[in-house]
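Undergrad: Contents of upload.cif (mmCIF, C-alpha atoms and all ligand atoms) are below:
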```
data_entry
#
loop_
_atom_site.label_atom_id
_atom_site.label_comp_id
_atom_site.auth_asym_id
_atom_site.auth_seq_id
_atom_site.Cartn_x
_atom_site.Cartn_y
_atom_site.Cartn_z
CA MET B 38 80.79 118.04 112.56
CA LYS B 39 79.06 121.03 111.04
CA ASN B 40 80.65 124.33 109.98
CA VAL B 41 84.18 123.55 111.06
CA LYS B 42 87.38 124.00 109.12
CA PRO B 43 89.45 121.15 107.59
CA ASP B 44 92.07 121.17 110.38
CA THR B 45 89.32 120.62 112.94
CA ILE B 46 87.85 117.78 110.88
CA LEU B 47 91.32 116.21 110.63
CA THR B 48 91.74 116.39 114.38
CA HIS B 49 88.38 114.97 115.45
CA ALA B 50 86.55 113.17 112.64
CA GLY B 51 86.03 109.43 113.07
CA SER B 52 86.88 109.56 116.75
CA ASN B 53 84.49 108.87 119.63
CA PRO B 54 86.36 108.67 122.95
CA GLY B 55 83.06 108.55 124.87
CA ALA B 56 82.38 105.12 123.36
CA ASN B 57 85.81 103.81 124.33
CA HIS B 58 86.61 104.56 128.00
CA GLY B 59 87.58 108.11 127.07
CA ILE B 60 90.60 106.86 125.14
CA VAL B 61 91.46 109.45 122.49
CA ASN B 62 92.18 107.14 119.56
CA PRO B 63 89.68 104.56 118.32
CA PRO B 64 90.69 100.95 118.97
CA VAL B 65 91.95 98.72 116.15
CA TYR B 66 89.41 95.97 115.52
CA HIS B 67 91.03 92.78 114.25
CA ALA B 68 87.96 91.00 113.03
CA SER B 69 86.65 88.49 110.55
CA THR B 70 83.73 87.02 112.49
CA MET B 71 80.95 88.95 114.15
CA LEU B 72 78.62 86.85 116.27
CA PHE B 73 74.87 87.33 116.20
CA PRO B 74 72.97 86.53 119.40
CA THR B 75 69.82 85.35 117.63
CA VAL B 76 68.60 84.15 114.25
CA GLU B 77 66.46 87.28 114.12
CA SER B 78 69.43 89.66 114.52
CA LEU B 79 71.35 87.68 111.90
CA GLU B 80 68.45 88.02 109.49
CA ASP B 81 68.05 91.71 110.33
CA ALA B 82 71.68 92.36 109.41
CA GLY B 83 70.78 91.00 105.96
CA HIS B 84 73.10 92.08 103.16
CA SER B 85 73.33 95.73 104.11
CA PHE B 86 76.60 97.61 103.72
CA GLU B 87 75.82 99.65 106.82
CA GLY B 88 76.66 98.41 110.30
CA VAL B 89 79.10 95.63 111.09
CA ARG B 90 78.40 92.02 110.08
CA TYR B 91 81.47 90.58 108.36
CA GLY B 92 85.10 91.64 108.59
CA ARG B 93 85.63 92.09 104.88
CA ILE B 94 82.66 94.41 104.49
CA GLY B 95 83.55 96.86 107.24
CA THR B 96 84.62 97.19 110.85
CA PRO B 97 84.46 100.11 113.28
CA THR B 98 88.12 100.73 112.30
CA SER B 99 87.46 101.02 108.55
CA GLN B 100 84.29 103.00 109.19
CA ALA B 101 86.12 105.50 111.41
CA PHE B 102 88.69 106.10 108.65
CA GLU B 103 85.99 106.38 105.99
CA THR B 104 83.97 108.82 108.10
CA ALA B 105 87.02 111.04 108.53
CA VAL B 106 88.02 111.04 104.84
CA ALA B 107 84.47 111.54 103.58
CA GLU B 108 83.89 114.40 106.00
CA LEU B 109 87.17 116.02 105.02
CA GLU B 110 86.45 115.83 101.31
CA GLY B 111 82.76 116.75 101.58
CA ALA B 112 81.69 113.38 100.15
CA TYR B 113 78.63 111.27 100.89
CA LYS B 114 80.77 108.33 102.05
CA ALA B 115 84.04 106.51 101.37
CA VAL B 116 85.23 102.98 100.63
CA THR B 117 88.58 101.74 101.98
CA VAL B 118 90.76 99.44 99.85
CA PRO B 119 94.26 97.98 100.34
CA SER B 120 96.25 100.34 98.08
CA GLY B 121 96.03 103.39 95.88
CA LEU B 122 96.12 101.21 92.79
CA ALA B 123 93.27 99.12 94.21
CA ALA B 124 91.33 102.38 94.66
CA ILE B 125 91.80 103.11 90.94
CA THR B 126 90.95 99.61 89.71
CA THR B 127 87.99 99.17 92.08
CA ALA B 128 86.47 102.50 91.01
CA LEU B 129 86.90 101.69 87.32
CA LEU B 130 85.58 98.12 87.60
CA ALA B 131 82.54 99.36 89.50
CA PHE B 132 81.47 101.60 86.62
CA VAL B 133 82.46 99.95 83.33
CA SER B 134 80.98 97.07 81.33
CA ALA B 135 82.06 95.26 78.16
CA GLY B 136 81.46 97.51 75.16
CA ASP B 137 82.09 100.74 77.10
CA HIS B 138 84.53 103.44 76.11
CA ILE B 139 86.46 105.42 78.72
CA LEU B 140 88.65 108.51 78.44
CA VAL B 141 91.83 108.54 80.51
CA SER B 142 94.33 111.37 80.78
CA ASP B 143 97.65 110.68 79.05
CA SER B 144 99.38 111.86 82.24
CA VAL B 145 97.89 109.32 84.67
CA TYR B 146 99.91 107.23 87.09
CA GLY B 147 101.64 104.49 85.03
CA PRO B 148 100.01 101.40 86.59
CA ASN B 149 96.57 103.01 86.04
CA ARG B 150 97.40 103.32 82.33
CA LEU B 151 98.54 99.69 82.25
CA PHE B 152 95.35 98.46 83.92
CA CYS B 153 93.26 100.39 81.38
CA SER B 154 95.19 99.27 78.33
CA ASP B 155 95.72 95.65 79.42
CA MET B 156 93.13 94.24 81.83
CA LEU B 157 90.21 96.48 80.85
CA LYS B 158 90.95 95.85 77.17
CA ARG B 159 90.78 92.09 77.81
CA MET B 160 87.37 92.66 79.33
CA GLY B 161 86.07 94.52 76.30
CA VAL B 162 86.42 98.06 77.58
CA GLU B 163 88.13 100.51 75.24
CA ALA B 164 90.36 103.02 77.05
CA GLU B 165 91.23 106.05 74.94
CA PHE B 166 93.97 108.29 76.29
CA TYR B 167 93.54 112.05 75.84
CA ASP B 168 95.83 115.06 76.01
CA PRO B 169 95.70 116.25 79.64
CA LEU B 170 95.52 119.87 78.41
CA ILE B 171 92.44 119.24 76.27
CA GLY B 172 90.03 121.12 78.57
CA ALA B 173 86.49 121.54 77.18
CA GLY B 174 87.73 120.04 73.90
CA ILE B 175 87.19 116.63 75.50
CA GLY B 176 83.57 117.04 74.39
CA ARG B 177 84.70 116.08 70.88
CA LEU B 178 85.97 112.70 72.13
CA MET B 179 82.73 111.72 73.83
CA ARG B 180 80.87 108.79 72.30
CA PRO B 181 77.43 107.43 73.14
CA ASN B 182 79.16 104.62 75.10
CA THR B 183 81.65 106.83 76.99
CA ARG B 184 81.08 105.75 80.57
CA VAL B 185 84.00 107.25 82.53
CA VAL B 186 86.31 110.24 82.22
CA PHE B 187 89.42 109.86 84.38
CA VAL B 188 91.47 112.91 85.37
CA GLU B 189 94.64 113.28 87.40
CA SER B 190 95.76 116.80 88.19
CA PRO B 191 98.58 117.52 88.33
CA GLY B 192 99.61 114.57 86.17
CA SER B 193 102.04 111.96 87.45
CA LEU B 194 105.68 112.83 86.62
CA THR B 195 104.83 115.81 84.36
CA PHE B 196 102.63 117.89 86.68
CA GLU B 197 100.31 119.43 84.07
CA ILE B 198 97.25 120.98 85.68
CA GLN B 199 94.04 119.89 83.99
CA ASP B 200 90.99 122.10 83.55
CA VAL B 201 88.91 119.75 85.69
CA PRO B 202 85.71 121.88 85.77
CA ALA B 203 85.65 122.15 81.95
CA ILE B 204 86.38 118.44 81.47
CA ALA B 205 83.80 117.46 84.10
CA ALA B 206 81.13 119.70 82.51
CA ALA B 207 81.67 118.07 79.11
CA ALA B 208 81.62 114.61 80.69
CA LYS B 209 78.36 115.41 82.50
CA ASP B 210 76.76 116.59 79.24
CA ALA B 211 77.61 113.18 77.80
CA GLY B 212 76.40 111.29 80.90
CA ALA B 213 79.86 109.99 81.90
CA VAL B 214 81.10 109.47 85.47
CA VAL B 215 84.07 111.70 86.37
CA MET B 216 86.84 110.15 88.46
CA ILE B 217 89.94 111.92 89.75
CA ASP B 218 93.16 110.62 91.22
CA ASN B 219 93.42 113.29 93.93
CA THR B 220 96.45 111.81 95.69
CA TRP B 221 98.81 114.73 95.02
CA ALA B 222 96.55 117.46 96.40
CA THR B 223 94.66 115.44 99.05
CA PRO B 224 91.19 116.74 100.01
CA LEU B 225 92.97 119.70 101.65
CA PHE B 226 94.36 121.26 98.48
CA PHE B 227 91.78 120.25 95.84
CA ARG B 228 88.04 119.96 96.47
CA PRO B 229 86.90 117.60 93.69
CA PHE B 230 83.17 117.78 94.40
CA ASP B 231 83.19 121.57 93.98
CA HIS B 232 84.56 121.04 90.46
CA GLY B 233 82.11 118.51 89.03
CA VAL B 234 83.90 115.27 90.01
CA ASP B 235 81.88 112.18 91.03
CA LEU B 236 84.48 109.89 92.61
CA SER B 237 87.74 110.93 94.24
CA ILE B 238 90.53 108.38 94.47
CA HIS B 239 93.41 108.51 96.92
CA ALA B 240 96.56 106.52 97.39
CA ALA B 241 96.30 106.93 101.17
CA THR B 242 99.74 105.27 101.18
CA LYS B 243 101.11 108.76 100.47
CA TYR B 244 100.14 111.82 102.56
CA MET B 245 97.29 110.27 104.55
CA VAL B 246 99.47 107.55 106.08
CA GLY B 247 102.33 110.02 105.77
CA HIS B 248 105.11 107.89 107.28
CA SER B 249 106.02 105.44 104.48
CA ASP B 250 104.91 102.49 106.56
CA ALA B 251 101.60 101.24 105.14
CA MET B 252 99.77 100.58 101.87
CA LEU B 253 96.22 101.93 101.75
CA GLY B 254 93.64 103.37 99.37
CA VAL B 255 90.35 105.16 99.73
CA ILE B 256 87.65 106.32 97.32
CA THR B 257 85.04 108.94 98.18
CA ALA B 258 81.72 109.27 96.39
CA ARG B 259 79.65 112.40 95.80
CA THR B 260 76.21 110.81 96.17
CA PRO B 261 74.53 107.82 97.89
CA GLU B 262 73.90 106.20 94.46
CA LEU B 263 77.55 106.45 93.45
CA TRP B 264 78.66 105.13 96.84
CA HIS B 265 76.28 102.16 96.78
CA ARG B 266 77.48 101.10 93.36
CA LEU B 267 81.12 101.49 94.38
CA LYS B 268 80.66 99.61 97.67
CA ARG B 269 78.67 96.83 95.99
CA TYR B 270 81.49 96.08 93.57
CA ALA B 271 84.27 96.60 96.11
CA VAL B 272 82.53 93.91 98.19
CA GLN B 273 82.15 91.63 95.16
CA LEU B 274 85.84 92.04 94.38
CA GLY B 275 86.69 91.02 97.92
CA THR B 276 88.99 93.95 98.57
CA CYS B 277 89.55 94.98 102.16
CA ALA B 278 92.50 96.59 103.90
CA GLY B 279 94.17 95.32 107.07
CA PRO B 280 93.10 96.96 110.33
CA ASP B 281 96.57 98.10 111.36
CA ASP B 282 97.13 99.82 108.03
CA ILE B 283 93.73 101.53 108.25
CA TYR B 284 94.61 102.68 111.76
CA LEU B 285 97.85 104.16 110.43
CA GLY B 286 95.79 106.01 107.81
CA LEU B 287 93.47 107.44 110.44
CA ARG B 288 96.40 108.38 112.68
CA GLY B 289 98.17 109.99 109.74
CA LEU B 290 95.16 112.18 109.01
CA ARG B 291 95.47 113.86 112.41
CA THR B 292 98.70 115.57 111.38
CA MET B 293 98.18 115.73 107.63
CA GLY B 294 97.33 119.45 107.56
CA THR B 295 100.46 120.43 109.46
CA ARG B 296 102.67 118.10 107.47
CA LEU B 297 101.24 119.15 104.13
CA ARG B 298 101.81 122.85 104.79
CA GLN B 299 105.45 122.07 105.56
CA HIS B 300 105.80 119.83 102.47
CA GLN B 301 104.33 122.72 100.48
CA ALA B 302 106.67 125.38 101.89
CA THR B 303 109.78 123.23 101.48
CA GLY B 304 108.72 122.09 98.00
CA ILE B 305 108.23 125.64 96.76
CA GLU B 306 111.54 126.77 98.24
CA LEU B 307 113.40 123.84 96.65
CA ALA B 308 111.64 124.48 93.32
CA GLN B 309 112.66 128.16 93.37
CA TRP B 310 116.24 127.32 94.27
CA LEU B 311 116.52 124.68 91.54
CA ARG B 312 115.04 127.03 88.93
CA ASN B 313 117.97 129.35 89.38
CA ARG B 314 120.61 126.66 88.93
CA GLN B 315 122.45 126.60 85.64
CA GLU B 316 122.25 122.77 85.43
CA VAL B 317 118.42 122.92 85.42
CA ALA B 318 116.47 123.61 82.22
CA ARG B 319 113.00 123.80 83.78
CA VAL B 320 111.20 123.09 87.04
CA LEU B 321 107.73 121.54 86.80
CA HIS B 322 105.83 122.86 89.81
CA PRO B 323 102.38 124.44 89.41
CA ALA B 324 102.93 126.92 92.25
CA LEU B 325 105.75 128.63 90.32
CA PRO B 326 104.29 131.71 88.59
CA ASP B 327 105.87 130.85 85.23
CA ASP B 328 104.62 127.25 85.23
CA PRO B 329 102.18 126.66 82.32
CA GLY B 330 99.58 125.30 84.77
CA HIS B 331 99.94 128.12 87.30
CA ALA B 332 96.78 130.07 86.38
CA LEU B 333 94.57 126.98 86.60
CA TRP B 334 96.29 125.91 89.81
CA ARG B 335 95.62 129.31 91.35
CA ARG B 336 92.01 129.21 90.22
CA ASP B 337 91.18 125.68 91.44
CA PHE B 338 93.66 124.56 94.10
CA LEU B 339 94.13 125.57 97.72
CA GLY B 340 97.78 124.59 97.92
CA ALA B 341 100.59 122.47 96.53
CA SER B 342 102.04 119.32 98.04
CA GLY B 343 105.73 118.41 98.08
CA LEU B 344 106.02 116.40 94.84
CA PHE B 345 107.39 118.05 91.70
CA ALA B 346 109.92 117.49 88.92
CA MET B 347 112.73 119.17 87.03
CA GLU B 348 114.26 118.83 83.58
CA LEU B 349 118.02 118.98 83.61
CA LYS B 350 119.99 120.36 80.69
CA PRO B 351 121.32 117.52 78.49
CA VAL B 352 123.88 115.54 80.45
CA SER B 353 125.34 111.99 80.40
CA LYS B 354 123.82 109.02 82.23
CA GLN B 355 127.06 108.79 84.15
CA ALA B 356 126.60 112.36 85.42
CA ILE B 357 123.06 111.50 86.59
CA SER B 358 124.45 108.53 88.49
CA ALA B 359 127.13 110.71 90.09
CA PHE B 360 124.42 113.19 91.14
CA LEU B 361 121.88 110.71 92.52
CA ASN B 362 124.09 107.93 93.91
CA GLY B 363 125.80 110.29 96.32
CA MET B 364 122.71 111.93 97.84
CA GLU B 365 122.76 111.86 101.62
CA LEU B 366 119.28 113.09 102.57
CA PHE B 367 117.24 112.51 99.41
CA GLY B 368 116.52 108.79 99.15
CA MET B 369 115.84 107.02 95.86
CA GLY B 370 112.46 105.31 96.06
CA TYR B 371 109.06 105.32 94.39
CA SER B 372 106.36 105.79 97.00
CA TRP B 373 106.23 109.42 98.07
CA GLY B 374 104.19 111.38 100.63
CA GLY B 375 106.13 110.25 103.68
CA TYR B 376 108.14 112.56 105.94
CA GLU B 377 111.36 111.99 104.03
CA SER B 378 112.77 113.60 100.88
CA LEU B 379 113.08 111.56 97.70
CA ILE B 380 114.72 111.91 94.31
CA LEU B 381 114.25 109.68 91.26
CA PRO B 382 114.93 109.69 87.50
CA ALA B 383 111.64 109.85 85.54
CA ASN B 384 110.85 108.91 81.91
CA PRO B 385 107.33 110.17 81.11
CA GLU B 386 107.93 110.30 77.35
CA LYS B 387 107.85 106.48 77.24
CA LEU B 388 104.31 106.40 78.63
CA ARG B 389 102.54 108.85 76.30
CA THR B 390 100.30 107.85 73.41
CA ALA B 391 97.85 110.75 72.93
CA SER B 392 100.35 113.58 73.39
CA THR B 393 104.09 113.89 73.13
CA TRP B 394 106.29 114.82 76.02
CA LYS B 395 109.55 116.47 75.11
CA SER B 396 112.12 117.07 77.76
CA GLN B 397 115.29 119.07 77.08
CA GLY B 398 117.37 116.67 79.16
CA PRO B 399 116.94 113.98 81.83
CA MET B 400 113.92 114.40 84.09
CA ILE B 401 114.13 114.04 87.84
CA ARG B 402 111.18 113.75 90.24
CA LEU B 403 111.62 115.13 93.77
CA HIS B 404 109.63 114.86 96.96
CA ALA B 405 110.21 117.57 99.54
CA GLY B 406 110.28 115.94 102.96
CA LEU B 407 110.23 117.47 106.41
CA GLU B 408 113.99 117.86 106.86
CA ASP B 409 115.56 121.29 107.38
CA ILE B 410 115.42 123.26 104.12
CA GLY B 411 119.05 124.42 104.41
CA ASP B 412 120.23 120.83 104.79
CA LEU B 413 118.19 119.74 101.77
CA ILE B 414 119.59 122.54 99.62
CA ALA B 415 123.12 121.68 100.71
CA ASP B 416 122.52 118.04 99.70
CA LEU B 417 121.27 119.15 96.26
CA GLU B 418 124.11 121.61 95.87
CA ARG B 419 126.69 118.87 96.49
CA GLY B 420 124.77 116.60 94.10
CA LEU B 421 124.76 119.18 91.30
CA SER B 422 128.49 119.75 91.82
CA ARG B 423 129.06 116.00 91.36
CA LEU B 424 126.89 116.17 88.23
CA GLY B 425 129.00 119.03 86.87
CA GLU B 426 132.29 117.23 87.61
CA ALA B 427 131.09 114.01 85.93
CA ALA B 428 129.53 115.72 82.88
C1 LIG B 501 99.26 109.47 91.73
C2 LIG B 501 99.28 108.07 92.28
N1 LIG B 501 98.16 107.38 92.32
C3 LIG B 501 98.12 106.12 92.78
C4 LIG B 501 99.26 105.50 93.25
C5 LIG B 501 99.19 104.08 93.72
O1 LIG B 501 99.25 104.00 95.10
P1 LIG B 501 99.71 102.67 95.84
O2 LIG B 501 101.18 102.61 95.75
O3 LIG B 501 99.18 102.84 97.23
O4 LIG B 501 99.05 101.52 95.13
C6 LIG B 501 100.45 106.20 93.25
C7 LIG B 501 101.69 105.55 93.75
O5 LIG B 501 102.78 106.01 93.55
C8 LIG B 501 100.48 107.52 92.74
O6 LIG B 501 101.63 108.22 92.68
#
```
Would you mind writing the structure in this file as structure tokens?

TA:
Amino acid sequence: MKNVKPDTILTHAGSNPGANHGIVNPPVYHASTMLFPTVESLEDAGHSFEGVRYGRIGTPTSQAFETAVAELEGAYKAVTVPSGLAAITTALLAFVSAGDHILVSDSVYGPNRLFCSDMLKRMGVEAEFYDPLIGAGIGRLMRPNTRVVFVESPGSLTFEIQDVPAIAAAAKDAGAVVMIDNTWATPLFFRPFDHGVDLSIHAATKYMVGHSDAMLGVITARTPELWHRLKRYAVQLGTCAGPDDIYLGLRGLRTMGTRLRQHQATGIELAQWLRNRQEVARVLHPALPDDPGHALWRRDFLGASGLFAMELKPVSKQAISAFLNGMELFGMGYSWGGYESLILPANPEKLRTASTWKSQGPMIRLHAGLEDIGDLIADLERGLSRLGEAA
């Protein structure tokens, strides 16, 4: 689709009712084996990554999802994998070799950090973590063997906004591939390829699926060369997602714009309400005007999703338990991006090595779901009263 807006892409991309009896949604292909009518057609299919020749390499279901995500993000093409973490590890493994050095933001998603410092290290790749706020200063960390610069903005748990264009420009000067974990913003709220990024990584498990009922990942590539390399190694690794989960990803995309705008509105309202509470020391949400990342967020982002955090004033562990254990609407669980609100204690200081994270008191991560805002505030208000009584 040419010259249409993201909501139109979300509604129609990857769908072709004319090829399927007029049925609106594409069918779910459960497939391992594709039969070839002749030796010649089998030979013609060769080892290409285009078309459909083996279930693990791609089906009309995975291709429909990839078409939609790539079109939405303005990428050349996408590769579907079974989880967000698989999207991270597949992208990294496709681009590093023994002896390489990579630069990874100190604020990345925890299991990404573990993969870099454990498995990649075993394979002879040196992962150096850098201060997420380094900006153009990352140029000083570049070495002749720096192959990848990994950014995540805002960072997991701490929500610092990175100066992605400055980091990407320095990485380009040094010939490194720039990868972003764009799960928080989705292609709707951050356009990585307009800011110098090469590969965009999504835990589709979150807002794309959007209903907390499937694990899925997707990586989009800026150019045919990047995509071919990525696809080649994704195929060698043997990663492929299940058709029903991919279908849930494609179905989720249809409503992602509408959902995300509501997550954004509710998230900002909750953040503003919490900021005015005396129990709260600080709210970490880049859309708040006094957030340290607000200027960069305004410059580079088109919106904010529903995930943010707060620092409470110092309080006992028992008071935190009284607060969180009694929540009625906010559930306690890790995977966010579904329709429901979540609340969770967070400990980012334990993860840092290149920068220090100092919190005044316990940190809490929240996900603003699609419930009524008044009901959510009432749930938090009761929770903070319990916290006060137990303190
Ligand atoms: C920012 C970010 N990236 C990646 C992932 C991993 O996604 P998945 O759970 O689908 O492996 C998560 C999961 O919480 C995440 O928060």

Undergrad: May I have the residues within 10 Å of ligand LIG 501 (chain B), computed using all atoms listed in the file, as number ranges by chain?

TA: B: 118-126, 144-149, 189-194, 217-222, 238-243, 251-255, 344, 371-374

Undergrad: When you look at region 38-45 of chain B with a cut-off of 8 Å (counting all atoms listed in the file), what residues show up, excluding the ones that are within fewer than 5 positions of it in the same chain? I need them as a count of residues only.

TA: 4

Undergrad: Between CA of Val234 (chain B) and CA of Leu178 (chain B), what is the distance, to one decimal in Å?

TA: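 These two atoms are separated by 18.2 Å.
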
Undergrad: State, in Å with one decimal place, the distance from CA of Ala341 (chain B) to CA of Gln301 (chain B).

TA: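 If I compute the distance from CA of Ala341 (chain B) to CA of Gln301 (chain B), I get 5.4 Å.
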
Undergrad: Pick out the residues sitting within 8 Å of Ala208 (chain B), and hand them over as an mmCIF file with C-alpha atoms, in the frame of the given file; count only C-alpha atoms, and ignore anything fewer than 3 positions along from it in its own chain.

TA:
```cif
data_model
loop_
_atom_site.group_PDB
_atom_site.id
_atom_site.type_symbol
_atom_site.label_atom_id
_atom_site.label_comp_id
_atom_site.auth_asym_id
_atom_site.auth_seq_id
_atom_site.Cartn_x
_atom_site.Cartn_y
_atom_site.Cartn_z
ATOM 1 C CA ILE B 175 87.190 116.630 75.500
ATOM 2 C CA GLY B 176 83.570 117.040 74.390
ATOM 3 C CA MET B 179 82.730 111.720 73.830
ATOM 4 C CA VAL B 185 84.000 107.250 82.530
ATOM 5 C CA VAL B 186 86.310 110.240 82.220
ATOM 6 C CA ILE B 204 86.380 118.440 81.470
ATOM 7 C CA ALA B 205 83.800 117.460 84.100
ATOM 8 C CA ALA B 211 77.610 113.180 77.800
ATOM 9 C CA GLY B 212 76.400 111.290 80.900
ATOM 10 C CA ALA B 213 79.860 109.990 81.900
ATOM 11 C CA VAL B 214 81.100 109.470 85.470
ATOM 12 C CA VAL B 215 84.070 111.700 86.370
#
```

Undergrad: Near Leu407 (chain B), counting only C-alpha atoms, which residues have an atom at most 7 Å away, once you skip same-chain residues fewer than 6 positions from it, shown as a PyMOL selection string?

TA: chain B and resi 299-300+376-377

Undergrad: Can you build me a table of region 222-333 of chain B residues sitting at most 8 Å from region 412-427 of chain B, with the closest atom pair per residue and its distance in Å to one decimal, using all atoms listed in the file, sorted by chain and residue number, as a tab-separated table?

TA:
```
residue	atom	partner	partner_atom	distance
B:Leu307	CA	B:Ile414	CA	7.0
B:Trp310	CA	B:Ile414	CA	7.9
B:Glu316	CA	B:Leu421	CA	7.3
```

Undergrad: Could you tell me how far CA of Pro202 (chain B) lies from CA of Met216 (chain B), in Å and to one decimal?

TA: 12.1 Å

Undergrad: Taking (97.1, 104.8, 109.9) in the file's coordinates, which residues come within 12 Å, counting all atoms listed in the file, written as a PyMOL selection string?

TA: chain B and resi 62-65+98-99+101-103+105+241-254+278-293

Undergrad: For Ala383 (chain B), work out the shell of residues within 7 Å, counting all atoms listed in the file and skipping chain neighbours fewer than 2 positions away, then give it as an NGL selection string.

TA: :B and (194 or 381 or 385 or 400-402)

Undergrad: Can you list, as a PDB file with C-alpha atoms, in the coordinates of the input, every protein, DNA or RNA residue that comes within 7 Å of Ala356 (chain B) when you count only C-alpha atoms, leaving out same-chain residues fewer than 3 positions away?

TA:
```pdb
ATOM      1  CA  VAL B 352     123.880 115.540  80.450  1.00  0.00           C
ATOM      2  CA  SER B 353     125.340 111.990  80.400  1.00  0.00           C
ATOM      3  CA  ALA B 359     127.130 110.710  90.090  1.00  0.00           C
ATOM      4  CA  PHE B 360     124.420 113.190  91.140  1.00  0.00           C
ATOM      5  CA  LEU B 424     126.890 116.170  88.230  1.00  0.00           C
ATOM      6  CA  ALA B 427     131.090 114.010  85.930  1.00  0.00           C
ATOM      7  CA  ALA B 428     129.530 115.720  82.880  1.00  0.00           C
TER       8      ALA B 428
END
```

Undergrad: So which one's closest to Glu108 (chain B), B:His49, B:Glu386, B:Cys153, B:Glu365? Using all atoms listed in the file, please.

TA: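 Looking at the shortest contact to Glu108 (chain B), the residue is B:His49.
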
Undergrad: Which residue out of B:Leu267, B:Leu361, B:Cys277, B:Leu349 has the minimum interatomic distance to Gln100 (chain B) when only C-alpha atoms are used?

TA: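 The answer is B:Cys277, which sits nearest to Gln100 (chain B).
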
Undergrad: Give the answer as one residue: which of B:Ala112, B:Ala164, B:Ala308, B:Ala135 has the shortest atom-to-atom distance to Asp235 (chain B), using only C-alpha atoms?

TA: B:Ala112

Undergrad: Using only C-alpha atoms for the distances, tell me which of B:Ser396, B:Arg228, B:Thr276, B:Pro326 is nearest to Arg259 (chain B).

TA: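 Smallest distance to Arg259 (chain B) is found for B:Arg228.
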
Undergrad: Take every atom of region 130-143 of chain B listed in the file, fit an axis-aligned box around them, add 5 Å per side, and give the centre and edge lengths in Å to one decimal as JSON.

TA:
```
{"center_x": 89.3, "center_y": 103.3, "center_z": 82.3, "size_x": 26.7, "size_y": 26.1, "size_z": 24.3}
```

Undergrad: Could you tell me which of B:His265, B:Arg312, B:His138, B:Lys350 comes closest to Gln397 (chain B) if we count all atoms listed in the file?

TA: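 For Gln397 (chain B), the nearest of the candidates is B:Lys350.
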